[in-house]
Each structure stands twice: as C-alpha cells, then as structure tokens.
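Undergrad: One file is attached below, model.txt, containing compact mmCIF, C-alpha atoms and all ligand atoms.
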# COMPACT_ATOMS: atom_id res chain seq x y z
CA MET A 5 -20.21 -11.03 27.86
CA SER A 6 -17.32 -9.35 25.98
CA GLU A 7 -13.74 -10.44 26.64
CA ARG A 8 -13.23 -7.12 28.35
CA ARG A 9 -16.07 -7.47 30.79
CA SER A 10 -15.49 -11.07 31.63
CA PHE A 11 -11.79 -10.41 32.18
CA LEU A 12 -12.53 -7.53 34.51
CA LYS A 13 -15.11 -9.49 36.40
CA ALA A 14 -12.79 -12.45 36.78
CA ILE A 15 -9.88 -10.47 38.14
CA ILE A 16 -11.53 -7.72 40.09
CA GLY A 17 -14.84 -9.16 41.10
CA GLY A 18 -18.12 -7.26 41.45
CA ASN A 19 -18.10 -3.82 39.92
CA GLY A 20 -14.92 -2.65 41.64
CA ALA A 21 -16.61 0.36 43.18
CA ALA A 22 -15.09 2.10 46.18
CA ALA A 23 -16.74 1.61 49.52
CA ASP A 24 -19.34 4.34 50.10
CA LEU A 25 -17.98 6.97 52.42
CA PRO A 26 -20.24 8.33 55.12
CA PRO A 27 -21.62 11.76 54.21
CA THR A 28 -20.06 14.20 56.66
CA PHE A 29 -20.69 17.54 54.98
CA LYS A 30 -23.91 19.51 54.74
CA ARG A 31 -23.03 20.89 51.33
CA ASP A 32 -21.11 19.50 48.38
CA TYR A 33 -19.25 22.66 47.43
CA HIS A 34 -17.35 21.19 44.52
CA LYS A 35 -20.52 19.86 43.01
CA GLU A 36 -22.23 23.24 43.42
CA LEU A 37 -19.31 24.88 41.67
CA GLY A 38 -19.06 22.29 38.94
CA ILE A 39 -15.59 21.12 40.02
CA LYS A 40 -14.72 17.66 38.84
CA PRO A 41 -13.68 15.19 41.53
CA PHE A 42 -10.63 13.04 40.78
CA ILE A 43 -8.73 10.07 42.08
CA ASN A 44 -5.20 10.99 43.05
CA ALA A 45 -2.73 8.48 41.68
CA ILE A 46 0.01 11.14 41.56
CA GLY A 47 1.00 11.82 45.14
CA SER A 48 1.03 15.00 47.16
CA TYR A 49 1.37 17.69 44.51
CA SER A 50 0.69 21.32 45.31
CA SER A 51 -1.18 21.74 42.03
CA LEU A 52 -3.70 19.11 43.19
CA GLY A 53 -4.18 20.31 46.73
CA GLY A 54 -1.18 18.70 48.44
CA GLU A 55 -1.30 16.04 51.14
CA GLU A 56 -4.12 15.21 53.50
CA MET A 57 -3.59 16.91 56.83
CA TRP A 58 -3.24 14.78 59.97
CA PRO A 59 -6.49 14.80 62.02
CA GLU A 60 -4.43 16.26 64.90
CA VAL A 61 -3.52 19.20 62.65
CA ILE A 62 -7.16 19.88 61.84
CA ASP A 63 -7.92 19.84 65.57
CA ALA A 64 -5.15 22.37 66.26
CA MET A 65 -6.41 24.57 63.44
CA ASP A 66 -9.96 24.47 64.79
CA TYR A 67 -8.58 25.48 68.18
CA ALA A 68 -6.78 28.48 66.66
CA VAL A 69 -9.95 29.61 64.90
CA GLU A 70 -11.71 29.76 68.29
CA ASN A 71 -8.81 31.08 70.36
CA LYS A 72 -7.06 34.19 69.13
CA ALA A 73 -3.58 35.13 70.32
CA ASP A 74 -0.98 37.82 69.84
CA MET A 75 0.58 36.73 66.58
CA GLU A 76 4.19 37.50 67.39
CA ASP A 77 3.95 35.72 70.74
CA LEU A 78 2.25 32.74 69.10
CA HIS A 79 4.84 32.57 66.33
CA ASP A 80 7.75 32.83 68.75
CA LYS A 81 6.44 30.10 71.04
CA VAL A 82 5.46 27.81 68.20
CA GLY A 83 8.95 28.37 66.76
CA LYS A 84 10.59 27.44 70.04
CA ARG A 85 8.51 24.28 70.38
CA ILE A 86 9.29 23.21 66.81
CA ALA A 87 12.98 23.93 67.36
CA GLU A 88 12.96 21.75 70.48
CA LEU A 89 11.24 18.94 68.62
CA VAL A 90 13.66 18.89 65.69
CA GLY A 91 16.87 19.88 67.45
CA SER A 92 17.46 23.21 65.69
CA GLU A 93 18.44 26.45 67.38
CA TYR A 94 15.25 28.22 66.32
CA ALA A 95 12.36 27.90 63.88
CA MET A 96 9.71 29.89 62.07
CA VAL A 97 6.58 28.93 60.22
CA SER A 98 6.51 30.34 56.71
CA ALA A 99 3.90 30.47 53.97
CA GLY A 100 5.38 27.34 52.35
CA ALA A 101 8.94 26.32 51.51
CA THR A 102 9.16 28.89 48.72
CA SER A 103 8.39 31.64 51.17
CA ALA A 104 10.97 30.18 53.58
CA ILE A 105 13.56 30.48 50.79
CA ILE A 106 12.50 34.07 50.02
CA LEU A 107 12.51 35.22 53.65
CA GLY A 108 15.63 33.25 54.58
CA THR A 109 17.53 34.78 51.67
CA ALA A 110 16.19 38.23 52.52
CA GLY A 111 17.28 37.75 56.14
CA CYS A 112 20.82 36.85 55.05
CA MET A 113 20.89 40.02 52.91
CA SER A 114 19.33 42.46 55.37
CA GLY A 115 20.14 41.31 58.88
CA LEU A 116 18.14 43.71 61.04
CA ASP A 117 19.18 46.84 59.13
CA VAL A 118 15.93 48.80 58.87
CA GLU A 119 16.98 50.74 55.82
CA ILE A 120 17.74 47.54 53.91
CA LEU A 121 14.60 45.85 55.24
CA HIS A 122 12.53 48.66 53.78
CA SER A 123 14.34 48.81 50.45
CA LEU A 124 14.39 45.15 49.38
CA PRO A 125 14.13 43.92 46.63
CA HIS A 126 16.37 46.86 45.62
CA ALA A 127 19.69 45.48 46.70
CA ASP A 128 22.43 46.80 44.43
CA ASN A 129 24.52 48.39 47.14
CA ILE A 130 24.44 45.56 49.66
CA LYS A 131 25.51 41.94 49.82
CA ASN A 132 23.23 40.61 47.13
CA GLU A 133 24.82 37.51 45.64
CA VAL A 134 23.63 33.97 46.25
CA ILE A 135 25.97 31.20 45.13
CA LEU A 136 24.68 27.80 44.01
CA GLN A 137 25.84 24.96 41.81
CA THR A 138 24.79 25.01 38.17
CA SER A 139 23.38 21.53 38.70
CA HIS A 140 21.13 22.93 41.45
CA LYS A 141 19.31 25.21 39.06
CA TYR A 142 15.77 23.94 39.61
CA LEU A 143 12.06 24.69 39.57
CA TYR A 144 12.16 27.04 42.56
CA ASP A 145 15.35 29.09 42.14
CA ARG A 146 13.19 32.06 41.18
CA ALA A 147 12.47 32.39 44.92
CA LEU A 148 16.08 33.40 45.54
CA ARG A 149 15.70 36.39 43.24
CA VAL A 150 12.48 37.66 44.80
CA PRO A 151 14.27 39.61 47.57
CA GLY A 152 16.63 41.08 44.97
CA ALA A 153 19.49 38.58 45.04
CA LYS A 154 21.58 37.84 41.98
CA LEU A 155 22.42 34.20 41.32
CA VAL A 156 26.04 33.18 40.86
CA PHE A 157 26.46 29.68 39.45
CA VAL A 158 29.52 27.55 40.08
CA ASP A 159 30.61 24.05 39.13
CA THR A 160 33.88 23.27 40.86
CA GLN A 161 35.37 24.02 44.26
CA GLU A 162 37.75 26.40 42.55
CA ASP A 163 34.82 28.27 40.95
CA LEU A 164 33.20 28.47 44.36
CA ARG A 165 36.26 29.87 46.11
CA ASN A 166 36.65 32.42 43.34
CA ALA A 167 32.99 33.39 43.48
CA ILE A 168 32.96 34.10 47.21
CA GLY A 169 33.52 37.76 47.84
CA ARG A 170 32.44 40.99 49.42
CA LYS A 171 28.98 40.76 47.84
CA THR A 172 28.21 37.18 48.84
CA ALA A 173 25.06 37.08 50.95
CA MET A 174 24.40 33.34 51.07
CA MET A 175 25.29 29.92 49.66
CA PHE A 176 22.29 27.85 48.61
CA TYR A 177 22.02 24.07 48.35
CA VAL A 178 19.21 21.78 47.23
CA ARG A 179 19.10 18.58 49.28
CA LYS A 180 19.28 15.33 47.34
CA MET A 181 20.44 17.05 44.16
CA LYS A 182 23.74 16.03 42.67
CA GLY A 183 26.68 18.31 41.99
CA GLN A 184 30.45 18.31 41.78
CA ILE A 185 30.66 19.84 45.25
CA ASP A 186 29.24 17.53 47.89
CA ILE A 187 27.11 18.68 50.78
CA LYS A 188 29.87 18.50 53.44
CA THR A 189 32.39 20.42 51.36
CA TRP A 190 29.74 23.01 50.55
CA ILE A 191 29.11 23.64 54.24
CA GLU A 192 32.80 23.59 55.13
CA ILE A 193 33.76 26.18 52.52
CA ALA A 194 30.86 28.37 53.65
CA LYS A 195 31.98 28.18 57.28
CA GLU A 196 35.62 28.92 56.39
CA ASN A 197 34.40 32.09 54.71
CA ASN A 198 31.72 32.95 57.21
CA ILE A 199 28.93 32.83 54.59
CA PRO A 200 25.45 31.75 55.73
CA THR A 201 24.00 28.67 54.04
CA LEU A 202 20.40 27.76 53.21
CA CYS A 203 19.36 24.26 52.20
CA ASP A 204 16.08 23.50 50.42
CA ALA A 205 14.92 20.14 51.74
CA ALA A 206 11.24 20.81 50.98
CA THR A 207 10.16 17.35 49.92
CA THR A 208 12.47 15.02 51.79
CA VAL A 209 9.77 14.02 54.32
CA PRO A 210 8.74 11.25 54.83
CA PRO A 211 10.83 9.85 56.38
CA ILE A 212 10.74 12.42 59.16
CA GLN A 213 14.25 11.25 60.03
CA ASP A 214 15.44 13.12 56.95
CA LEU A 215 14.27 16.38 58.48
CA LEU A 216 16.18 15.62 61.67
CA ASP A 217 19.24 14.60 59.65
CA THR A 218 19.13 17.77 57.54
CA VAL A 219 19.05 19.91 60.67
CA LYS A 220 22.20 18.15 61.91
CA LEU A 221 24.18 18.63 58.71
CA GLY A 222 25.29 22.09 59.76
CA PHE A 223 23.49 24.41 57.35
CA ASP A 224 22.69 27.76 58.94
CA LEU A 225 19.15 27.49 57.58
CA CYS A 226 17.04 24.75 56.05
CA CYS A 227 13.48 24.77 54.80
CA PHE A 228 10.63 22.31 54.41
CA SER A 229 7.20 22.27 52.85
CA GLY A 230 4.39 21.94 55.37
CA GLY A 231 1.69 20.74 53.01
CA LYS A 232 3.52 17.85 51.44
CA GLY A 233 4.90 14.84 53.35
CA LEU A 234 4.70 16.62 56.71
CA ARG A 235 0.91 16.66 56.26
CA GLY A 236 0.51 20.11 57.77
CA PRO A 237 -1.46 23.06 56.38
CA TYR A 238 -1.23 23.35 52.60
CA SER A 239 0.30 26.81 52.51
CA ALA A 240 2.64 26.53 55.48
CA GLY A 241 6.31 25.65 55.63
CA LEU A 242 9.29 25.68 57.98
CA LEU A 243 12.50 27.60 58.18
CA LEU A 244 14.85 26.03 60.73
CA GLY A 245 18.29 27.03 61.92
CA ARG A 246 20.24 29.92 63.36
CA LYS A 247 18.26 32.23 65.61
CA ASP A 248 19.82 35.50 64.39
CA LEU A 249 19.12 34.64 60.76
CA ILE A 250 15.57 33.50 61.44
CA ILE A 251 14.84 36.66 63.38
CA ALA A 252 16.11 38.60 60.36
CA ALA A 253 13.97 36.42 58.07
CA LYS A 254 10.92 37.16 60.23
CA ALA A 255 11.66 40.89 60.06
CA ASN A 256 11.23 40.60 56.29
CA GLY A 257 7.74 39.10 56.61
CA SER A 258 4.28 39.68 58.07
CA PRO A 259 3.11 41.35 60.28
CA ASN A 260 5.74 44.02 59.47
CA HIS A 261 3.88 46.41 57.22
CA ALA A 262 6.82 47.78 55.26
CA ALA A 263 8.54 44.41 54.79
CA MET A 264 9.24 42.95 51.36
CA GLY A 265 7.45 39.77 52.42
CA ARG A 266 4.36 41.28 54.05
CA SER A 267 2.21 39.41 51.56
CA MET A 268 3.48 36.04 52.78
CA LYS A 269 1.11 36.09 55.73
CA VAL A 270 0.67 32.99 57.85
CA ALA A 271 -2.62 32.36 59.68
CA PRO A 272 -2.78 31.49 63.39
CA GLU A 273 -4.34 28.17 62.36
CA GLU A 274 -1.26 27.49 60.29
CA TYR A 275 1.17 28.27 63.09
CA LEU A 276 -0.48 25.76 65.40
CA GLY A 277 -1.23 23.34 62.56
CA MET A 278 2.41 23.29 61.51
CA MET A 279 3.61 22.69 65.04
CA VAL A 280 1.23 19.77 65.47
CA ALA A 281 2.19 18.38 62.05
CA VAL A 282 5.79 18.12 63.25
CA GLU A 283 4.73 16.55 66.55
CA THR A 284 2.49 14.05 64.78
CA ALA A 285 5.00 13.14 62.09
CA LEU A 286 7.61 12.43 64.77
CA LYS A 287 5.27 10.01 66.55
CA HIS A 288 3.76 8.36 63.50
CA ASP A 289 4.49 4.76 62.51
CA GLU A 290 5.92 5.26 59.02
CA ASP A 291 6.66 1.57 58.61
CA ALA A 292 2.97 0.74 58.94
CA ASP A 293 2.22 3.29 56.20
CA MET A 294 4.77 1.66 53.94
CA VAL A 295 3.17 -1.75 54.40
CA GLU A 296 -0.17 -0.21 53.40
CA TYR A 297 1.26 1.65 50.37
CA TYR A 298 2.96 -1.49 49.11
CA LYS A 299 -0.27 -3.41 49.53
CA LEU A 300 -2.03 -0.91 47.26
CA THR A 301 0.70 -0.77 44.63
CA ASN A 302 1.22 -4.54 44.63
CA TYR A 303 -2.50 -5.01 44.18
CA MET A 304 -2.62 -2.70 41.15
CA ALA A 305 0.55 -4.27 39.72
CA ASP A 306 -0.83 -7.82 40.04
CA GLN A 307 -4.21 -6.96 38.55
CA ILE A 308 -2.84 -5.10 35.56
CA SER A 309 -0.03 -7.55 34.75
CA ALA A 310 -2.60 -10.32 34.41
CA LEU A 311 -3.30 -8.84 30.96
CA ASP A 312 -1.47 -10.54 28.13
CA GLY A 313 1.50 -8.46 26.94
CA VAL A 314 1.42 -6.05 29.89
CA THR A 315 4.15 -5.86 32.51
CA THR A 316 4.22 -3.97 35.79
CA LYS A 317 6.97 -3.17 38.23
CA VAL A 318 6.55 -1.73 41.69
CA GLN A 319 9.21 0.93 42.18
CA SER A 320 9.79 3.75 44.58
CA THR A 321 10.90 7.35 44.21
CA SER A 322 14.65 7.24 44.58
CA ALA A 323 14.96 10.34 46.76
CA GLN A 324 12.77 9.14 49.61
CA GLY A 325 11.90 5.58 48.80
CA MET A 326 8.64 6.25 50.62
CA GLU A 327 6.29 6.70 47.66
CA PRO A 328 5.94 3.37 45.92
CA TYR A 329 4.32 3.41 42.49
CA VAL A 330 3.53 0.95 39.72
CA ASN A 331 5.36 1.37 36.45
CA VAL A 332 3.08 0.01 33.70
CA ASP A 333 4.46 -1.10 30.36
CA TRP A 334 2.94 -2.96 27.43
CA ASP A 335 3.75 -4.48 24.09
CA PRO A 336 2.95 -1.73 21.56
CA ASP A 337 2.09 -4.38 18.99
CA LYS A 338 -0.61 -5.76 21.26
CA TYR A 339 -2.11 -2.48 22.51
CA LYS A 340 -2.30 0.50 20.18
CA ILE A 341 -2.16 3.33 22.67
CA SER A 342 0.74 5.49 23.83
CA LYS A 343 1.49 6.16 27.49
CA ASP A 344 0.58 9.78 27.02
CA ASP A 345 -2.79 8.84 25.57
CA LEU A 346 -3.51 6.32 28.31
CA LYS A 347 -2.77 8.99 30.89
CA LEU A 348 -5.15 11.34 29.06
CA ALA A 349 -7.82 8.66 28.81
CA LEU A 350 -7.60 8.15 32.59
CA ARG A 351 -7.97 11.88 33.14
CA ASN A 352 -10.89 12.23 30.73
CA GLY A 353 -12.63 9.07 31.84
CA GLN A 354 -15.18 8.44 34.51
CA PRO A 355 -14.05 8.84 37.24
CA CYS A 356 -11.18 11.20 36.45
CA ILE A 357 -7.84 9.71 37.52
CA GLU A 358 -4.75 11.92 37.68
CA LEU A 359 -1.25 10.55 37.15
CA ARG A 360 2.20 12.10 37.36
CA ALA A 361 3.09 14.38 34.46
CA MET A 362 5.23 12.63 31.89
CA PHE A 363 8.13 14.99 32.46
CA LEU A 364 8.22 13.91 36.11
CA SER A 365 7.99 10.21 35.30
CA PHE A 366 10.52 10.26 32.44
CA GLY A 367 7.89 9.30 29.89
CA GLU A 368 6.71 6.30 31.91
CA LEU A 369 3.25 5.58 33.24
CA HIS A 370 3.30 5.71 37.04
CA LEU A 371 0.41 4.78 39.34
CA THR A 372 1.15 6.09 42.82
CA GLY A 373 -0.49 4.45 45.79
CA HIS A 374 -0.14 6.63 48.83
CA MET A 375 -2.85 9.22 48.13
CA LEU A 376 -5.49 6.69 47.15
CA LYS A 377 -8.51 6.41 49.38
CA ARG A 378 -9.86 3.02 50.39
CA GLY A 379 -11.03 1.06 47.37
CA GLU A 380 -9.67 3.49 44.80
CA GLU A 381 -6.82 1.12 43.94
CA MET A 382 -9.46 -1.16 42.47
CA ILE A 383 -10.91 1.60 40.33
CA VAL A 384 -7.49 2.67 39.06
CA ALA A 385 -6.49 -0.90 38.15
CA ARG A 386 -9.86 -1.46 36.52
CA ARG A 387 -9.70 1.70 34.42
CA VAL A 388 -6.16 0.99 33.19
CA ILE A 389 -7.26 -2.52 32.17
CA GLU A 390 -10.41 -1.23 30.47
CA ILE A 391 -8.52 1.34 28.43
CA LEU A 392 -5.82 -1.12 27.41
CA LEU A 393 -8.44 -3.66 26.34
CA ASP A 394 -10.21 -0.97 24.34
CA HIS A 395 -7.00 -0.60 22.35
CA LYS A 396 -6.13 -4.26 22.03
CA MET A 397 -5.19 -5.26 18.51
CA GLY A 398 -7.79 -7.34 16.73
CA GLU A 399 -10.49 -6.51 19.30
CA ASN A 400 -12.27 -3.58 17.68
C1 LIG A 501 7.50 21.69 46.60
C2 LIG A 501 8.89 22.20 46.66
C3 LIG A 501 9.14 23.53 47.00
C4 LIG A 501 8.02 24.51 47.23
O1 LIG A 501 7.34 24.21 48.38
P1 LIG A 501 6.02 25.03 48.81
O2 LIG A 501 5.81 24.63 50.22
O3 LIG A 501 4.95 24.59 47.88
O4 LIG A 501 6.33 26.47 48.65
C5 LIG A 501 10.44 23.95 47.07
N1 LIG A 501 11.46 23.11 46.84
C6 LIG A 501 11.28 21.81 46.52
C7 LIG A 501 12.46 20.92 46.30
C8 LIG A 501 9.98 21.32 46.42
O5 LIG A 501 9.77 20.05 46.08
Turn this file's structure into structure tokens for me.
Ligand SMILES: *Cc1c(COP(=O)(O)O)cnc(C)c1O
TA:
Amino acid sequence: MSERRSFLKAIIGGNGAAADLPPTFKRDYHKELGIKPFINAIGSYSSLGGEEMWPEVIDAMDYAVENKADMEDLHDKVGKRIAELVGSEYAMVSAGATSAIILGTAGCMSGLDVEILHSLPHADNIKNEVILQTSHKYLYDRALRVPGAKLVFVDTQEDLRNAIGRKTAMMFYVRKMKGQIDIKTWIEIAKENNIPTLCDAATTVPPIQDLLDTVKLGFDLCCFSGGKGLRGPYSAGLLLGRKDLIIAAKANGSPNHAAMGRSMKVAPEEYLGMMVAVETALKHDEDADMVEYYKLTNYMADQISALDGVTTKVQSTSAQGMEPYVNVDWDPDKYKISKDDLKLALRNGQPCIELRAMFLSFGELHLTGHMLKRGEEMIVARRVIEILLDHKMGEN
C-alpha cells in the first residue's frame, strides 16, 4: 500500500464515501442534461444555486401551485404578515435583493406620480441622485442606476451635507461595510434633511436577529436576499420599511404593465415561500446549526492537519460569524502546489468540489462546512489530503 493510501485509510477509515441517499426522484435531470454534480464547500452563493430551502418553504410553494389567488391581494397580505413578524411598517416580496434595491430606489424617485412611473429610467428632470459613501461602492451598486439614478459619492460628513440638494432622491447604505460616516450619523443626517434611506442588508442572515436589528435602526427601507441565509425561494427577496415608499416601489414593478420593473415578476409560490421562510427562520434553533457546522469544520481541520507540514485553522466569516470554514495552509517546500491549483484540482477531480473564489478568500484556501450534505465532509477532507500527497516533495 502506498504512503498515500495507508495514510488515508488510517485517518479516515473505509473508503470515506458519503452515505447513500434514498432515491426520491423519478428522473435524474442533471444526468440527462450532462450537468456535473458538485460538492458545495463554498456556502450559499447565487452562482451555485443559493441555499437549500426550508422544507416548510417547499410546502408553502406546493400549496401556491395548487391554489391560485389574486396576486395583488396575496402580495399585500403576505407583506402585512411579514411586516408583523419582523416589526416593520410594511413589506414587499421582490425578485431578490437586487430587485428590491431597483424598485426601492425607483419608488423614492417616482412616488406615485404616473408620468414618472411610466418614464423611468429617463429621470433627468426629477429627483434622480442617490448618495452613498465611496467606500460603499460594491458589487451591486449597478442596481441603483437601473431606474435612472445618478450616483453621488461622498467621504466625509461635510461632503454629504454639501451633496444633499434639490435633486437628492435617496441615501443608500450597505450594512456591515465600513465608511467614515457611521450608520447612525447617516440616518440622522438623512432625517434632518427629509431624504429617504435604503440599506442593503442582503446577506446579514443568519443570524435572523440581524434582520430584526436592521429594521430597528431607522432606515426608511432595507432589503434582504431570500435565497441566501433566509433559505427562501432562490429568486425572491424582501423590501421592508415605510408603507408609502413600498407602495411606490410596488407601483414600479409587476403586475403593472407599463412599469420600469415589470420584468421583475414574482411568482405566487415565491410570495408564500418567502413569508414562510421568515416564519421558519424566526423559529429555528440557530445555535444547534452552529454546533453542527463546527463539527463538520473541526472534523475537516483535524483530518487535514494530521499531514506533516500542513496547518488548519477553523475561522468564521467576520460579518456574520455564522459560516465557519477551515483555512488550510501548508509548507510550500513540502508540497509543490499552489492554493489556486489545489482549488482547481478539487474542482476538476472526482467528485467535483467547489470552493470560494480566491478573490473572496483573500488568496487563502477555505473549506466551508454549512452547505455540505451528510458525509461530504469526509470526501472533502480526503480529496484535499490526496491532492496534497500527490504533490509531496520526494514522493513522485
Ligand atoms: C447577494 C447580495 C445581493 C444580491 O442579492 P440577490 O437576492 O441575489 O439579488 C445584494 N447585496 C449584497 C450585499 C449581497 O450579498
């Protein structure tokens, strides 16, 4: 037996295969289509299908498929229920957080003025400026420009006070992002000047408490992704806050045929699914999840660090602290493979294992635990060990 195989056998035992899952589907669609299955050691990323929905959400969605309703009535009542649950004045279900930003911004620009509603994104003659901090320039700020807004960047409080004017439609803030102007001051200055505020808090859940806390901060609007930590439908999201602004946001979306956001249609299944996602998240035992996630990451960390010259650290995303991952490092003189190449080898191997992109992990190799299915932590640990041993100096 090679060093590699005996090492693996000693530490992992057996062949490290995942427990067989009961076959529940009549057809294997991905197989038919030639789509490669993968093990998710990244987390809930939109590009890889997002989070797993709660079973309660799937039940609500099945119900909506069978039971049709008037869409505006459904949306209104779902909005009221969600608002009650989270303590906001009102709520709407959007086609994701990005769509909540687009429609929320549009609502702040248009109010219920029909002429403006029909002319967006042409917005030169109306309030069309959105102010944000330069440090809050981020992956999704394009959404603010979709309804025709122009972005005005500021750094200091003085900049902000100077930027506020006749054309200011909204002040935008990204939760958990740093800037010279803190969150309280941002809201205060907006209120002094009677400017509506929108906060992107898309990925702050879990913990669900962060959603409740964001609502209480005093933003006029805040938005969340439904298909990430809330474990609702993939393409749904939430816009929470002031009723007048949310009604204006809704006027910019489906089912209004002439609205700028008509294409951001939300299905009845998603309305109910989103509502039940919020209900379920509020009841769920997050601490028990954390115990489980740490068990998975600690397992992978222990297995992999048993290799000579390899170190592992269990860390957690700083923003939420609810997504523990293993940071794997090794002595480059002992193993001749870069982190990039190990990540590629995991992707191209059998089975395919996906890890966080290097630009999101600051060049480090991160193995995330919370999206792994039962037994997959063994496969991930085993594959990392195999690949490292394949590149061990003096072995090949
Ligand atoms: C994911 C994300 C979004 C987009 O959310 P969708 O629901 O996919 O539209 C917006 N803002 C932040 C901070 C995000 O992480």
Undergrad: What would the list of residues within 12 Å of (29.7, 29.5, 37.2) (file frame) look like as a list of chain:residue names, if all atoms listed in the file are what count?
TA: A:Val134, A:Ile135, A:Leu136, A:Gln137, A:Thr138, A:Ser139, A:His140, A:Lys141, A:Leu155, A:Val156, A:Phe157, A:Val158, A:Asp159, A:Thr160, A:Gln161, A:Glu162, A:Asp163, A:Leu164, A:Arg165, A:Asn166, A:Ala167, A:Ile168
Undergrad: CA of Gly54 in chain A and CA of Tyr238 in chain A, how far apart in Å?
TA: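 These atoms are spaced 6.2 Å apart.
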Undergrad: Give me, as a PyMOL selection string, all polymer residues having an atom no more than 8 Å from range 117-126 of chain A, counting all atoms listed in the file and skipping those fewer than 2 positions away in the same chain.
TA: chain A and resi 110+114-115+128+150-153+255-256+262-264
Undergrad: Let me have all residues with an atom within 9 Å of ligand LIG 501 (chain A), counting only C-alpha atoms and all ligand atoms, laid out as an MDAnalysis selection string.
TA: chainID A and resid 49:51 54 98:105 142:145 147 178:180 204:208 227:232 238:242
Undergrad: Identify which of the residues A:Glu368, A:Asp77, A:Glu296, A:Glu327 lies closest to Ser342 in chain A, counting all atoms listed in the file when measuring atom-to-atom distances.
TA: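 Among the listed residues, the smallest separation from Ser342 in chain A belongs to A:Glu368.
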Undergrad: Quick one: residues within 12 Å of Met96 in chain A, all atoms listed in the file counted, chain neighbours fewer than 2 positions away excluded, as a ChimeraX atom specification?
TA: /A:76-87,92-94,98-101,103-105,107-108,225-228,230,240-255,257-258,270,274-276,278-279
Undergrad: Using all atoms listed in the file, pick whichever of A:Met362, A:Val209, A:Val318, A:Val282 has the shortest atom-to-atom distance to Val61 in chain A.
TA: A:Val282
Undergrad: A:Phe366, A:Tyr177, A:Tyr297, A:Tyr303: which is nearest Met382 in chain A, counting all atoms listed in the file?
TA: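 Closest candidate: A:Tyr303.
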Undergrad: Could you check which of A:Asp291, A:Ile199, A:Leu148, A:Thr284 is closest to Arg170 in chain A, using all atoms listed in the file?
TA: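 Comparing A:Asp291, A:Ile199, A:Leu148, A:Thr284 against Arg170 in chain A, the winner is A:Ile199.
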Undergrad: Using only C-alpha atoms, which of A:Lys220, A:Lys154, A:Cys356, A:Glu390 sits nearest Ile39 in chain A?
TA: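 Closest to Ile39 in chain A, using only C-alpha atoms: A:Cys356.
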Undergrad: Restricting the calculation to only C-alpha atoms: of A:Met181, A:Cys203, A:Ile308, A:Met375, which residue gets closest to Met57 in chain A?
TA: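 Selected residue with least distance to Met57 in chain A: A:Met375.
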Undergrad: Skip Lys195 in chain A itself and residues of its chain fewer than 3 positions away, then list as a list in words all residues within 12 Å of it, counting only C-alpha atoms.
TA: Ile168, Met174, Met175, Lys188, Thr189, Trp190, Ile191, Glu192, Asn198, Ile199, Pro200, Thr201, Gly222, Phe223 and Asp224 of chain A
Undergrad: Given the point (-8.1, 33.6, 65.9) in the file's coordinates, find the residues that have an atom at most 12 Å from it, counting all atoms listed in the file, and give them as a ChimeraX atom specification.
TA: /A:64-75,78,270-276
Undergrad: Hey, can you check how far CA of Glu196 in chain A sits from CA of Thr109 in chain A?
TA: 19.6 Å
Undergrad: Quote the spacing between CA of Gly38 in chain A and CA of Asn352 in chain A in Å to one decimal place.
TA: 15.3 Å
Undergrad: Is it possible to get the axis-aligned box enclosing range 142-157 of chain A (all listed atoms, 3 Å extra per side) as lines of an AutoDock Vina configuration file, with centre and edge lengths in Å rounded to one decimal?
TA:
center_x = 19.3
center_y = 32.5
center_z = 43.5
size_x = 20.4
size_y = 23.1
size_z = 14.1
